[in-house]
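Data file: data26.pdb. Format and content: PDB, C-alpha atoms, pLDDT in the B column.
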ATOM      1  CA  MET G 524     100.560  63.699  82.904  1.00 85.00           C
ATOM      2  CA  THR G 525     103.426  61.783  81.317  1.00 84.00           C
ATOM      3  CA  THR G 526     103.924  60.799  77.693  1.00 86.00           C
ATOM      4  CA  LYS G 527     105.795  57.773  76.434  1.00 87.00           C
ATOM      5  CA  LEU G 528     108.636  58.757  74.103  1.00 85.00           C
ATOM      6  CA  THR G 529     110.644  56.579  71.732  1.00 87.00           C
ATOM      7  CA  LEU G 530     114.208  57.684  70.975  1.00 85.00           C
ATOM      8  CA  SER G 531     116.970  56.273  68.787  1.00 87.00           C
ATOM      9  CA  ILE G 532     120.280  56.672  70.618  1.00 88.00           C
ATOM     10  CA  ASP G 533     123.627  54.927  70.203  1.00 88.00           C
ATOM     11  CA  ASP G 534     123.984  51.888  72.513  1.00 91.00           C
ATOM     12  CA  ALA G 535     127.200  53.151  74.096  1.00 90.00           C
ATOM     13  CA  ILE G 536     125.560  56.455  74.971  1.00 90.00           C
ATOM     14  CA  VAL G 537     122.566  54.679  76.508  1.00 91.00           C
ATOM     15  CA  ARG G 538     124.824  52.442  78.639  1.00 92.00           C
ATOM     16  CA  ARG G 539     126.816  55.445  79.836  1.00 92.00           C
ATOM     17  CA  ALA G 540     123.640  57.427  80.573  1.00 92.00           C
ATOM     18  CA  LYS G 541     122.085  54.511  82.490  1.00 93.00           C
ATOM     19  CA  ARG G 542     125.243  54.167  84.590  1.00 92.00           C
ATOM     20  CA  HIS G 543     125.227  57.897  85.298  1.00 91.00           C
ATOM     21  CA  ALA G 544     121.535  57.824  86.233  1.00 91.00           C
ATOM     22  CA  ARG G 545     122.036  54.831  88.541  1.00 92.00           C
ATOM     23  CA  GLU G 546     125.020  56.517  90.242  1.00 92.00           C
ATOM     24  CA  HIS G 547     122.872  59.592  90.873  1.00 91.00           C
ATOM     25  CA  GLY G 548     119.833  57.719  92.144  1.00 93.00           C
ATOM     26  CA  THR G 549     117.545  58.373  89.216  1.00 93.00           C
ATOM     27  CA  SER G 550     116.262  56.648  86.110  1.00 93.00           C
ATOM     28  CA  LEU G 551     117.144  57.249  82.498  1.00 93.00           C
ATOM     29  CA  SER G 552     113.628  58.650  82.017  1.00 93.00           C
ATOM     30  CA  GLY G 553     114.212  61.047  84.908  1.00 91.00           C
ATOM     31  CA  LEU G 554     117.539  62.112  83.456  1.00 89.00           C
ATOM     32  CA  VAL G 555     116.018  62.801  80.028  1.00 89.00           C
ATOM     33  CA  SER G 556     113.053  64.577  81.597  1.00 89.00           C
ATOM     34  CA  ARG G 557     115.307  66.931  83.592  1.00 86.00           C
ATOM     35  CA  PHE G 558     117.390  67.622  80.489  1.00 83.00           C
ATOM     36  CA  LEU G 559     114.328  68.420  78.375  1.00 81.00           C
ATOM     37  CA  ALA G 560     113.003  70.702  81.122  1.00 80.00           C
ATOM     38  CA  LEU G 561     116.070  72.893  80.491  1.00 75.00           C
ATOM     39  CA  VAL G 562     114.999  73.600  76.902  1.00 71.00           C
ATOM     40  CA  PRO G 563     114.045  77.296  76.770  1.00 67.00           C
ATOM     41  CA  ALA G 564     110.394  78.167  76.266  1.00 68.00           C
ATOM     42  CA  GLY G 565     109.422  80.962  73.898  1.00 63.00           C
ATOM     43  CA  ALA G 566     111.362  83.462  71.844  1.00 55.00           C
ATOM     44  CA  ASP G 567     112.606  85.491  74.854  1.00 58.00           C
ATOM     45  CA  ALA G 568     114.600  82.570  76.232  1.00 57.00           C
ATOM     46  CA  GLN G 569     116.245  82.006  72.853  1.00 58.00           C
ATOM     47  CA  GLN G 570     117.320  85.649  72.562  1.00 69.00           C
ATOM     48  CA  THR G 571     119.142  85.666  75.889  1.00 68.00           C
ATOM     49  CA  PRO G 572     122.768  84.583  75.387  1.00 69.00           C
ATOM     50  CA  ARG G 573     123.641  81.271  77.025  1.00 71.00           C
ATOM     51  CA  ALA G 574     126.334  82.880  79.196  1.00 69.00           C
ATOM     52  CA  LEU G 575     123.790  85.304  80.668  1.00 66.00           C
ATOM     53  CA  ARG G 576     121.195  82.574  81.218  1.00 66.00           C
ATOM     54  CA  SER G 577     123.760  80.649  83.259  1.00 69.00           C
ATOM     55  CA  LEU G 578     124.336  83.698  85.479  1.00 67.00           C
ATOM     56  CA  ARG G 579     120.656  84.483  86.070  1.00 65.00           C
ATOM     57  CA  GLY G 580     119.827  84.469  89.764  1.00 63.00           C
ATOM     58  CA  LEU G 581     123.392  84.428  91.086  1.00 59.00           C
ATOM     59  CA  LEU G 582     123.132  87.770  92.865  1.00 56.00           C
ATOM     60  CA  THR G 583     119.952  86.759  94.635  1.00 58.00           C
ATOM     61  CA  ARG G 584     121.994  84.098  96.439  1.00 60.00           C
ATOM     62  CA  GLY G 585     124.916  86.389  97.213  1.00 64.00           C
ATOM     63  CA  ASP G 586     125.584  89.686  98.919  1.00 72.00           C
ATOM     64  CA  ARG G 587     124.716  92.482  96.477  1.00 74.00           C
ATOM     65  CA  GLU G 588     126.558  95.151  98.444  1.00 79.00           C
ATOM     66  CA  ALA G 589     129.750  93.079  98.525  1.00 79.00           C
ATOM     67  CA  HIS G 590     129.464  92.644  94.750  1.00 75.00           C
ATOM     68  CA  ARG G 591     128.997  96.396  94.275  1.00 80.00           C
ATOM     69  CA  ARG G 592     132.077  97.101  96.441  1.00 83.00           C
ATOM     70  CA  HIS G 593     134.067  94.624  94.386  1.00 79.00           C
ATOM     71  CA  LEU G 594     133.022  96.319  91.126  1.00 80.00           C
ATOM     72  CA  ARG G 595     133.813  99.797  92.484  1.00 85.00           C
ATOM     73  CA  GLU G 596     137.274  98.702  93.621  1.00 85.00           C
ATOM     74  CA  LYS G 597     137.961  96.937  90.352  1.00 79.00           C
ATOM     75  CA  TYR G 598     136.773  99.619  87.920  1.00 80.00           C
ATOM     76  CA  LEU G 599     136.980 102.965  89.729  1.00 81.00           C
TER      77      LEU G 599
END

Turn the structure described in the file into structure tokens.
Amino acid sequence: MTTKLTLSIDDAIVRRAKRHAREHGTSLSGLVSRFLALVPAGADAQQTPRALRSLRGLLTRGDREAHRRHLREKYL
């Protein structure tokens, strides 16, 4: 389900956002929707520092053993 939303945003910002959306093959509504989807849900998300939230999941895409070797060499 979608909901219509009315926003008051500076004209220059809207023009720049529309250009960005067009260059990336999306609409302004799609751009705003993706941005709002990033808003944390619940108290737990707000308590996690932003720097840690940005790192979440990185090791699942990498080689854990290589990371462990790197840390051992760096700190031991």

Quote the spacing between atom CA of Val562 of chain G and atom CA of Ala544 of chain G in Å to one decimal place.
-> 19.5 Å

Between atom CA of Met524 of chain G and atom CA of Ile536 of chain G, what is the spacing in Å?
-> 27.2 Å

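One distance worth recording is that between atom CA of Val537 of chain G and atom CA of Arg573 of chain G, which is 26.6 Å.
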
Enclose all atoms of segment 556-561 of chain G listed in the file in an axis-aligned box, grow every side by 4 Å, and hand back centre and edge lengths in Å to one decimal, as JSON.
{"center_x": 115.2, "center_y": 68.7, "center_z": 81.0, "size_x": 12.4, "size_y": 16.3, "size_z": 13.2}
